[in-house]
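Have a look at final-v4.csv below; it lists CSV, C-alpha atoms.
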chain,number,residue,atom,x,y,z
A,1,MET,CA,12.6,13.8,-19.5
A,2,PRO,CA,14.8,10.8,-18.5
A,3,PRO,CA,13.3,7.4,-19.5
A,4,ARG,CA,12.7,6.2,-16.0
A,5,GLN,CA,11.0,9.4,-15.0
A,6,MET,CA,8.8,9.2,-18.1
A,7,PHE,CA,7.8,5.6,-17.2
A,8,PHE,CA,6.8,6.4,-13.7
A,9,THR,CA,4.9,9.5,-14.7
A,10,PHE,CA,3.1,7.7,-17.5
A,11,ALA,CA,2.2,4.6,-15.6
A,12,THR,CA,0.8,6.4,-12.5
A,13,GLY,CA,-0.4,9.6,-14.1
A,14,LEU,CA,-2.4,8.2,-17.0
A,15,PRO,CA,-5.0,6.5,-14.8
A,16,VAL,CA,-5.6,9.9,-13.1
A,17,GLY,CA,-6.6,11.4,-16.4
A,18,LEU,CA,-8.6,8.3,-17.4
A,19,LEU,CA,-10.6,8.3,-14.2
A,20,PHE,CA,-11.4,12.0,-14.3
A,21,THR,CA,-12.5,11.6,-17.9
A,22,ALA,CA,-14.6,8.5,-17.0
A,23,SER,CA,-16.3,10.4,-14.2
A,24,LEU,CA,-17.1,13.4,-16.3
A,25,ILE,CA,-18.0,11.7,-19.6
A,26,GLY,CA,-18.7,8.0,-18.8
A,27,GLY,CA,-19.3,5.5,-21.5
A,28,CYS,CA,-16.3,3.8,-23.0
A,29,TRP,CA,-13.9,5.8,-20.8
A,30,ILE,CA,-15.0,3.8,-17.8
A,31,LEU,CA,-14.1,0.6,-19.6
A,32,ILE,CA,-10.7,2.1,-20.7
A,33,ALA,CA,-9.9,3.1,-17.1
A,34,LEU,CA,-10.8,-0.4,-15.9
A,35,ALA,CA,-8.8,-2.1,-18.6
A,36,TYR,CA,-5.7,0.0,-18.0
A,37,LEU,CA,-5.6,-1.0,-14.3
A,38,THR,CA,-6.3,-4.7,-14.9
A,39,VAL,CA,-5.9,-6.3,-18.4
A,40,PHE,CA,-3.4,-3.8,-19.8
A,41,ALA,CA,-1.1,-3.9,-16.8
A,42,ALA,CA,-1.3,-7.7,-16.7
A,43,LEU,CA,-0.5,-8.0,-20.4
A,44,LEU,CA,2.5,-5.7,-20.2
A,45,ASP,CA,3.8,-7.7,-17.2
A,46,VAL,CA,3.7,-10.8,-19.4
A,47,LEU,CA,5.1,-9.2,-22.5
A,48,MET,CA,7.9,-7.1,-21.1
A,49,ALA,CA,11.1,-8.4,-19.6
A,50,LYS,CA,11.3,-8.7,-15.8
A,51,SER,CA,13.6,-6.3,-14.2
A,52,VAL,CA,16.1,-7.7,-11.6
A,53,VAL,CA,18.6,-4.8,-11.9
A,54,SER,CA,20.3,-2.2,-9.9
A,55,ASN,CA,18.9,1.3,-10.3
A,56,ALA,CA,20.7,4.5,-11.1
A,57,ALA,CA,21.3,7.4,-8.7
A,58,ASP,CA,18.7,9.9,-7.5
A,59,LYS,CA,19.8,12.4,-10.1
A,60,GLU,CA,18.1,10.4,-12.9
A,61,PHE,CA,14.7,11.1,-11.3
A,62,PRO,CA,14.9,14.5,-9.6
A,63,ALA,CA,11.1,15.0,-9.8
A,64,SER,CA,10.2,11.8,-7.9
A,65,ASP,CA,8.8,13.7,-4.9
A,66,PHE,CA,6.9,16.0,-7.2
A,67,LEU,CA,5.2,13.0,-8.7
A,68,LEU,CA,4.3,11.8,-5.2
A,69,ALA,CA,2.8,15.2,-4.3
A,70,GLY,CA,0.8,15.3,-7.6
A,71,LEU,CA,-0.6,11.9,-7.1
A,72,GLY,CA,-1.5,12.8,-3.5
A,73,ILE,CA,-3.4,15.9,-4.5
A,74,ALA,CA,-5.1,14.0,-7.4
A,75,HIS,CA,-6.3,11.4,-4.8
A,76,PHE,CA,-8.5,13.9,-3.0
A,77,ALA,CA,-9.8,15.4,-6.2
A,78,LEU,CA,-10.7,12.0,-7.6
A,79,LEU,CA,-12.5,11.0,-4.4
A,80,ALA,CA,-14.6,14.1,-4.4
A,81,THR,CA,-15.4,13.9,-8.1
A,82,VAL,CA,-16.5,10.2,-8.1
A,83,ILE,CA,-18.7,10.7,-5.0
A,84,ASN,CA,-20.3,13.7,-6.6
A,85,ARG,CA,-20.9,11.9,-9.9
A,86,LEU,CA,-22.1,8.6,-8.4
A,87,SER,CA,-24.4,10.3,-5.9
A,88,ASP,CA,-26.1,12.1,-8.8
A,89,GLY,CA,-28.5,9.4,-10.0
A,90,THR,CA,-28.9,11.0,-13.5
A,91,THR,CA,-25.2,11.1,-14.5
A,92,HIS,CA,-24.5,7.5,-15.2
A,93,SER,CA,-26.4,4.3,-15.8
A,94,ALA,CA,-26.3,1.6,-13.1
A,95,ILE,CA,-23.7,-0.5,-15.1
A,96,GLU,CA,-21.6,2.6,-15.7
A,97,GLY,CA,-21.8,3.5,-12.0
A,98,VAL,CA,-20.6,0.1,-10.9
A,99,GLY,CA,-17.7,0.2,-13.3
A,100,LEU,CA,-16.7,3.7,-12.3
A,101,TRP,CA,-16.9,2.8,-8.6
A,102,PHE,CA,-14.7,-0.3,-9.1
A,103,ALA,CA,-12.2,1.6,-11.3
A,104,HIS,CA,-11.7,4.1,-8.5
A,105,VAL,CA,-11.4,1.3,-5.9
A,106,LEU,CA,-8.5,-0.1,-7.9
A,107,PHE,CA,-6.8,3.2,-8.1
A,108,LEU,CA,-7.2,3.9,-4.3
A,109,GLY,CA,-6.1,0.4,-3.4
A,110,GLN,CA,-3.1,0.2,-5.6
A,111,ILE,CA,-1.7,3.6,-6.6
A,112,SER,CA,-3.0,5.8,-3.7
A,113,ASN,CA,-2.0,3.3,-1.1
A,114,ALA,CA,1.5,2.9,-2.6
A,115,ASN,CA,1.8,6.7,-2.9
A,116,ALA,CA,0.8,7.3,0.7
A,117,HIS,CA,3.2,4.6,1.8
A,118,GLU,CA,6.1,6.5,0.1
A,119,LEU,CA,4.9,9.9,1.4
A,120,ILE,CA,5.0,8.8,5.1
A,121,HIS,CA,8.6,7.8,4.6
A,122,ARG,CA,9.7,11.1,3.2
A,123,PRO,CA,11.5,13.4,5.7
A,124,GLN,CA,9.8,16.6,4.4
A,125,ARG,CA,6.9,17.5,6.7
A,126,ALA,CA,4.6,18.6,3.9
A,127,LEU,CA,5.0,15.3,2.1
A,128,PHE,CA,4.6,13.3,5.3
A,129,GLN,CA,1.4,15.1,6.1
A,130,LEU,CA,0.0,14.5,2.6
A,131,GLY,CA,0.6,10.8,3.1
A,132,LYS,CA,-0.9,10.8,6.5
A,133,TRP,CA,-4.1,12.6,5.3
A,134,THR,CA,-4.3,10.2,2.3
A,135,TYR,CA,-4.5,7.3,4.8
A,136,ILE,CA,-7.0,9.2,6.9
A,137,SER,CA,-9.2,9.7,3.9
A,138,LEU,CA,-9.1,6.0,3.4
A,139,LEU,CA,-10.2,5.7,7.1
A,140,PHE,CA,-6.9,3.9,7.7
A,141,GLY,CA,-5.0,6.8,9.4
A,142,HIS,CA,-3.4,4.5,12.1
A,143,HIS,CA,-1.4,2.8,9.3
A,144,THR,CA,0.8,6.0,9.3
A,145,SER,CA,2.0,5.1,12.8
A,146,ALA,CA,1.7,1.3,12.8
A,147,HIS,CA,3.7,1.0,9.5
A,148,ARG,CA,6.7,3.1,10.6
A,149,LEU,CA,6.7,2.3,14.4
A,150,VAL,CA,5.5,-1.3,14.4
A,151,HIS,CA,5.8,-3.0,11.1
A,152,HIS,CA,9.3,-1.8,10.3
A,153,LYS,CA,10.6,-2.6,13.8
A,154,TRP,CA,9.1,-6.1,14.2
A,155,VAL,CA,8.5,-7.4,10.6
A,156,GLY,CA,9.0,-11.1,10.3
A,157,SER,CA,8.1,-11.8,14.0
A,158,ARG,CA,5.0,-12.5,16.1
A,159,GLN,CA,5.2,-9.0,17.5
A,160,ASP,CA,4.2,-7.6,14.1
A,161,PRO,CA,0.5,-8.0,13.4
A,162,ASN,CA,1.1,-7.3,9.7
A,163,THR,CA,3.4,-10.3,9.2
A,164,PRO,CA,1.2,-13.3,8.2
A,165,ARG,CA,2.1,-16.7,9.6
A,166,LEU,CA,2.6,-19.8,7.5
A,167,GLY,CA,-0.9,-21.3,7.1
A,168,ASP,CA,-2.8,-18.1,7.7
A,169,SER,CA,-5.6,-17.4,5.3
A,170,PHE,CA,-5.8,-13.8,4.1
A,171,TYR,CA,-9.1,-13.4,6.0
A,172,ARG,CA,-7.7,-14.5,9.3
A,173,PHE,CA,-4.7,-12.3,8.8
A,174,ALA,CA,-6.7,-9.2,7.8
A,175,TYR,CA,-8.8,-9.3,10.9
A,176,ARG,CA,-5.7,-9.7,13.2
A,177,ALA,CA,-3.7,-7.1,11.2
A,178,TRP,CA,-6.3,-4.4,11.2
A,179,ILE,CA,-7.0,-4.6,14.9
A,180,GLY,CA,-3.5,-5.4,16.0
A,181,SER,CA,-1.9,-2.6,14.0
A,182,PHE,CA,-4.3,-0.1,15.4
A,183,ARG,CA,-3.5,-1.2,19.0
A,184,LYS,CA,0.2,-1.5,18.6
A,185,GLY,CA,0.5,1.8,16.7
A,186,LEU,CA,-1.3,3.5,19.5
A,187,GLU,CA,1.0,1.9,22.1
A,188,GLN,CA,4.1,3.1,20.2
A,189,GLU,CA,2.7,6.6,19.9
A,190,ASN,CA,1.9,6.8,23.6
A,191,GLN,CA,5.4,5.6,24.5
A,192,LEU,CA,6.9,8.3,22.3
A,193,ARG,CA,4.8,10.9,24.0
A,194,ARG,CA,5.7,9.6,27.5
A,195,ARG,CA,9.4,9.8,26.6
A,196,ALA,CA,9.1,13.4,25.2
A,197,SER,CA,11.1,16.1,27.0
A,198,HIS,CA,8.0,18.1,27.6
A,199,GLN,CA,4.3,17.0,27.9
A,200,PRO,CA,2.7,17.3,24.5
A,201,SER,CA,-0.8,18.6,24.1
A,202,VAL,CA,-3.5,16.0,23.7
A,203,PHE,CA,-4.5,17.9,20.5
A,204,THR,CA,-1.2,16.8,18.9
A,205,HIS,CA,-1.9,13.1,19.4
A,206,PRO,CA,-1.8,11.4,16.0
A,207,TYR,CA,-4.6,9.0,16.9
A,208,LEU,CA,-6.9,12.0,17.6
A,209,HIS,CA,-6.1,13.2,14.1
A,210,TYR,CA,-6.8,9.8,12.6
A,211,CYS,CA,-10.2,9.3,14.3
A,212,LEU,CA,-11.5,12.9,14.0
A,213,GLY,CA,-10.1,13.1,10.5
A,214,GLY,CA,-11.9,10.0,9.5
A,215,LEU,CA,-15.2,11.5,10.8
A,216,LEU,CA,-14.4,14.7,8.9
A,217,PHE,CA,-14.1,12.8,5.6
A,218,CYS,CA,-17.3,10.9,6.3
A,219,ALA,CA,-19.0,14.3,6.8
A,220,ILE,CA,-17.5,15.6,3.6
A,221,ALA,CA,-18.9,12.6,1.7
A,222,CYS,CA,-22.3,13.4,3.2
A,223,PHE,CA,-22.0,17.0,2.2
A,224,ILE,CA,-21.1,16.1,-1.4
A,225,GLY,CA,-23.6,13.4,-1.9
A,226,GLY,CA,-25.9,13.0,1.2
A,227,LEU,CA,-26.4,9.6,2.7
A,228,ILE,CA,-25.8,8.1,-0.8
A,229,GLY,CA,-22.4,9.8,-0.9
A,230,LEU,CA,-21.5,8.2,2.5
A,231,LEU,CA,-22.7,4.7,1.2
A,232,ILE,CA,-20.5,5.1,-1.8
A,233,TYR,CA,-17.5,6.3,0.1
A,234,VAL,CA,-17.3,3.9,3.0
A,235,PRO,CA,-17.3,0.6,1.0
A,236,MET,CA,-14.9,2.2,-1.5
A,237,VAL,CA,-12.3,3.0,1.2
A,238,PHE,CA,-12.9,-0.3,3.0
A,239,TRP,CA,-12.0,-2.2,-0.2
A,240,ALA,CA,-8.9,0.0,-0.6
A,241,GLN,CA,-7.9,-1.0,3.0
A,242,MET,CA,-8.3,-4.6,2.1
A,243,GLN,CA,-6.0,-4.2,-0.9
A,244,LEU,CA,-3.3,-2.7,1.3
A,245,LEU,CA,-3.7,-5.7,3.7
A,246,GLN,CA,-3.6,-8.1,0.7
A,247,THR,CA,-0.2,-6.5,-0.2
A,248,ASP,CA,1.1,-6.9,3.3
A,249,TYR,CA,-0.1,-10.5,3.3
A,250,VAL,CA,1.5,-11.4,0.0
A,251,GLN,CA,4.8,-9.5,0.7
A,252,HIS,CA,5.5,-11.2,4.0
A,253,TYR,CA,3.6,-14.5,4.0
A,254,GLY,CA,5.4,-17.2,6.1
A,255,LEU,CA,8.8,-15.4,6.2
A,256,GLN,CA,10.3,-15.1,9.7
A,257,ARG,CA,13.4,-13.5,11.2
A,258,LYS,CA,15.5,-15.6,13.6
A,259,THR,CA,16.1,-14.8,17.2
A,260,ASP,CA,19.2,-15.4,19.2
A,261,ASN,CA,19.4,-17.0,22.7
A,262,ALA,CA,18.6,-13.7,24.3
A,263,GLY,CA,15.4,-13.3,22.2
A,264,LYS,CA,16.8,-10.5,20.0
A,265,LEU,CA,15.7,-10.4,16.4
A,266,GLU,CA,18.3,-10.6,13.7
A,267,HIS,CA,18.6,-7.6,11.4
A,268,VAL,CA,16.2,-7.5,8.5
A,269,GLN,CA,17.7,-9.4,5.5
A,270,PRO,CA,16.7,-9.8,1.9
A,271,GLN,CA,15.0,-13.1,2.6
A,272,HIS,CA,12.4,-11.5,4.9
A,273,SER,CA,10.1,-10.1,2.2
A,274,TRP,CA,8.6,-11.4,-1.1
A,275,ASN,CA,9.4,-9.4,-4.2
A,276,SER,CA,8.2,-9.1,-7.7
A,277,PRO,CA,10.4,-8.3,-10.7
A,278,HIS,CA,7.4,-7.6,-13.0
A,279,TRP,CA,8.2,-4.4,-14.8
A,280,PHE,CA,4.9,-2.5,-15.5
A,281,SER,CA,3.0,-3.4,-12.3
A,282,GLY,CA,6.1,-2.5,-10.3
A,283,VAL,CA,6.3,1.0,-11.9
A,284,LEU,CA,2.5,1.4,-11.6
A,285,ILE,CA,2.7,1.0,-7.8
A,286,LEU,CA,5.9,2.9,-7.3
A,287,HIS,CA,8.2,-0.1,-6.9
A,288,ALA,CA,6.3,-1.3,-3.8
A,289,PRO,CA,7.1,-5.0,-4.9
A,290,ARG,CA,10.8,-4.3,-4.4
A,291,HIS,CA,10.0,-4.9,-0.8
A,292,SER,CA,13.2,-6.4,0.7
A,293,ASP,CA,15.2,-3.4,-0.2
A,294,HIS,CA,12.5,-1.1,1.3
A,295,HIS,CA,12.7,-2.9,4.6
A,296,MET,CA,16.5,-2.9,4.7
A,297,HIS,CA,16.6,0.8,3.7
A,298,PRO,CA,13.3,2.5,4.5
A,299,SER,CA,14.4,6.0,3.6
A,300,THR,CA,15.5,5.0,0.1
A,301,PRO,CA,13.3,6.8,-2.5
A,302,TYR,CA,11.2,4.4,-4.6
A,303,PRO,CA,13.0,4.9,-7.9
A,304,ASN,CA,16.2,3.7,-6.3
A,305,LEU,CA,14.9,0.5,-4.7
A,306,LYS,CA,16.8,-2.6,-5.9
A,307,LEU,CA,16.2,-6.2,-6.7
A,308,SER,CA,18.6,-9.1,-6.6
A,309,GLN,CA,18.6,-12.8,-7.1
A,310,GLU,CA,19.1,-13.4,-3.4
A,311,MET,CA,15.7,-12.0,-2.6
A,312,PRO,CA,12.6,-14.3,-2.5
A,313,MET,CA,10.5,-13.8,-5.7
A,314,LEU,CA,6.8,-14.2,-6.2
A,315,PRO,CA,5.7,-16.6,-9.0
A,316,TYR,CA,3.4,-13.9,-10.4
A,317,SER,CA,3.1,-10.1,-10.3
A,318,MET,CA,2.0,-8.5,-7.0
A,319,PRO,CA,-1.5,-7.5,-8.2
A,320,PHE,CA,-2.2,-11.0,-9.5
A,321,MET,CA,-0.9,-12.6,-6.3
A,322,ALA,CA,-3.2,-10.3,-4.3
A,323,VAL,CA,-6.1,-11.8,-6.2
A,324,ILE,CA,-4.9,-15.3,-5.6
A,325,ALA,CA,-4.7,-14.5,-1.9
A,326,LEU,CA,-8.5,-14.3,-1.8
A,327,PHE,CA,-8.5,-18.1,-2.4
A,328,PRO,CA,-6.7,-19.6,0.6
A,329,VAL,CA,-6.3,-23.2,-0.7
A,330,LYS,CA,-4.9,-22.1,-4.0
A,331,PHE,CA,-2.6,-19.4,-2.4
A,332,GLN,CA,-1.2,-21.8,0.2
A,333,SER,CA,-0.6,-24.6,-2.3
A,334,LEU,CA,1.4,-22.2,-4.4
A,335,MET,CA,3.3,-20.4,-1.7
A,336,ASP,CA,3.9,-22.9,1.1
A,337,PRO,CA,6.6,-24.9,-0.8
A,338,LEU,CA,8.4,-21.6,-1.7
A,339,VAL,CA,8.2,-20.5,2.0
A,340,GLN,CA,9.8,-23.8,3.1
A,341,LYS,CA,12.6,-23.3,0.6
A,342,TRP,CA,13.5,-19.9,2.2
A,343,ARG,CA,12.9,-21.1,5.8
A,344,ALA,CA,14.9,-24.4,5.4
A,345,PRO,CA,18.4,-22.9,6.1
A,346,SER,CA,17.3,-21.5,9.5
A,347,ASP,CA,15.2,-24.5,10.6

Now, as a test, write the supplied structure out as structure tokens.
Amino acid sequence: MPPRQMFFTFATGLPVGLLFTASLIGGCWILIALAYLTVFAALLDVLMAKSVVSNAADKEFPASDFLLAGLGIAHFALLATVINRLSDGTTHSAIEGVGLWFAHVLFLGQISNANAHELIHRPQRALFQLGKWTYISLLFGHHTSAHRLVHHKWVGSRQDPNTPRLGDSFYRFAYRAWIGSFRKGLEQENQLRRRASHQPSVFTHPYLHYCLGGLLFCAIACFIGGLIGLLIYVPMVFWAQMQLLQTDYVQHYGLQRKTDNAGKLEHVQPQHSWNSPHWFSGVLILHAPRHSDHHMHPSTPYPNLKLSQEMPMLPYSMPFMAVIALFPVKFQSLMDPLVQKWRAPSD
């Protein structure tokens, strides 16, 4: 197995095994799973060299889509397993239950979100559907439409609800982004349907799938664990949603695209997204922190995304910056001077 393929498979696949073991056995395995997704990842980011390098061609990682598919299937199995185990009051102690719940929240918010994001950019229908239903299972199905049709089109402008403005707190941004992306994604889907050569059936409307699919997953949670299963599931996926919004907040905070005299936005450039060169957390979340290249080339598979010195770099790793984002004064004191540095040439 080529080294890069091995790194991706190890980093993202190991927590799947740890979480299944933690659900079935409990005890120290819960602590190990938590430590891997937090302390271990942070230590490796500190100890290993940052990676601002060009990547090799696709042929070095021919199994990249297979890894995405495997993680997508594991996502649903993990959800069902943890709801089943936590709704059974005799399986784990209260402390173990909290640790197991939190470990799965971290997986859903970091790895499942990153994986679904990659899947909805894949041209293969099966992979796209897997990503779509991953987001639906997180009760965030509309992100499938809003991310591709709104965020990528208007990133770095006031028209994009998922671009935070300079001075926005995460909490103000999250409220605006959740509601705004739902509405704008729906508008874009309706426009596509109106422009279609033939009138599509209402049953093919993506937002019908998102809403009814979300209700279906709530019903499945109830079927697995009763009302307790639903009370375990809904807060878990809500927190996973917040982690996705934290990522959007950190990756785009304060960066704006210029408009010409006619009001047309400039093309997306390297300076319109924040990036992170931290090696292990980058691999763990499928190179999501190589965000400038993703926006410039949305169809590029995650192993081939590039970093360069001309891209804005975060002072700390993406997961650590997401935590700092929860403390607005600290986050803004850290980031506002860096934003001004990247905005100054266009002011």

Checklist line | Who sits within 10 Å of region 140-150 of chain A, only C-alpha atoms, same chain under 3 positions skipped, as a VMD selection string | finding: chain A and resid 116 to 117 119 to 121 128 to 129 131 to 137 153 to 155 159 to 162 178 180 to 189 192 206 to 211 213 to 214 237 to 238 240 to 241 244 298

Would you compute an axis-aligned box for region 266-281 of chain A, covering every atom listed for it in the file with 6 Å of margin on each side, and report centre and edge lengths in Å to one decimal as AutoDock Vina command-line options?
--center_x 10.8 --center_y -7.8 --center_z -0.9 --size_x 27.6 --size_y 22.6 --size_z 41.2

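Candidate residues A:Ala325, A:Val202, A:Leu100, A:Gly282 were compared for distance to Leu307 (chain A), and the nearest is A:Gly282, using only C-alpha atoms.
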
Item checked: CA of Leu284 (chain A) to CA of Ala42 (chain A), straight-line distance in Å -> 11.1 Å

Notebook entry, point to check: Between CA of Gly229 (chain A) and CA of Trp29 (chain A), what is the spacing in Å?
Noted result: 22.0 Å

Next item on the list: For the point (-15.5, 9.7, -5.3) in the file's frame, write as a VMD selection string all residues with an atom no more than 10 Å away, counting all atoms listed in the file.
Entry: chain A and resid 23 75 to 87 100 to 101 104 to 105 221 224 to 225 229 to 230 232 to 233 236 to 237

Selecting N, CA and C atoms, how would region 15-28 of chain A from this structure be written as a PDB file, in the first residue's frame?
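File written: out.pdb
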ATOM      1  N   PRO A  15     -10.243   5.139  14.053  1.00  0.00           N
ATOM      2  CA  PRO A  15     -11.309   5.502  14.998  1.00  0.00           C
ATOM      3  C   PRO A  15     -12.600   4.726  14.794  1.00  0.00           C
ATOM      4  N   VAL A  16     -12.849   4.242  13.577  1.00  0.00           N
ATOM      5  CA  VAL A  16     -14.041   3.411  13.358  1.00  0.00           C
ATOM      6  C   VAL A  16     -13.940   2.154  14.209  1.00  0.00           C
ATOM      7  N   GLY A  17     -12.797   1.483  14.137  1.00  0.00           N
ATOM      8  CA  GLY A  17     -12.600   0.285  14.946  1.00  0.00           C
ATOM      9  C   GLY A  17     -12.628   0.577  16.434  1.00  0.00           C
ATOM     10  N   LEU A  18     -12.024   1.693  16.835  1.00  0.00           N
ATOM     11  CA  LEU A  18     -12.004   2.058  18.254  1.00  0.00           C
ATOM     12  C   LEU A  18     -13.409   2.335  18.776  1.00  0.00           C
ATOM     13  N   LEU A  19     -14.224   3.003  17.967  1.00  0.00           N
ATOM     14  CA  LEU A  19     -15.575   3.332  18.414  1.00  0.00           C
ATOM     15  C   LEU A  19     -16.466   2.095  18.489  1.00  0.00           C
ATOM     16  N   PHE A  20     -16.345   1.189  17.525  1.00  0.00           N
ATOM     17  CA  PHE A  20     -17.106  -0.054  17.620  1.00  0.00           C
ATOM     18  C   PHE A  20     -16.700  -0.842  18.864  1.00  0.00           C
ATOM     19  N   THR A  21     -15.404  -0.918  19.117  1.00  0.00           N
ATOM     20  CA  THR A  21     -14.917  -1.637  20.295  1.00  0.00           C
ATOM     21  C   THR A  21     -15.395  -0.964  21.573  1.00  0.00           C
ATOM     22  N   ALA A  22     -15.347   0.368  21.594  1.00  0.00           N
ATOM     23  CA  ALA A  22     -15.800   1.108  22.770  1.00  0.00           C
ATOM     24  C   ALA A  22     -17.285   0.866  23.038  1.00  0.00           C
ATOM     25  N   SER A  23     -18.102   0.809  21.978  1.00  0.00           N
ATOM     26  CA  SER A  23     -19.537   0.560  22.156  1.00  0.00           C
ATOM     27  C   SER A  23     -19.797  -0.839  22.688  1.00  0.00           C
ATOM     28  N   LEU A  24     -19.046  -1.803  22.167  1.00  0.00           N
ATOM     29  CA  LEU A  24     -19.322  -3.193  22.518  1.00  0.00           C
ATOM     30  C   LEU A  24     -18.691  -3.626  23.835  1.00  0.00           C
ATOM     31  N   ILE A  25     -17.529  -3.060  24.174  1.00  0.00           N
ATOM     32  CA  ILE A  25     -16.805  -3.491  25.366  1.00  0.00           C
ATOM     33  C   ILE A  25     -16.813  -2.425  26.456  1.00  0.00           C
ATOM     34  N   GLY A  26     -16.687  -1.169  26.042  1.00  0.00           N
ATOM     35  CA  GLY A  26     -16.667  -0.078  27.018  1.00  0.00           C
ATOM     36  C   GLY A  26     -15.327   0.032  27.720  1.00  0.00           C
ATOM     37  N   GLY A  27     -15.349   0.471  28.964  1.00  0.00           N
ATOM     38  CA  GLY A  27     -14.141   0.564  29.763  1.00  0.00           C
ATOM     39  C   GLY A  27     -13.104   1.492  29.155  1.00  0.00           C
ATOM     40  N   CYS A  28     -11.841   1.026  29.174  1.00  0.00           N
ATOM     41  CA  CYS A  28     -10.731   1.852  28.714  1.00  0.00           C
ATOM     42  C   CYS A  28     -10.808   2.159  27.220  1.00  0.00           C
TER      43      CYS A  28
END
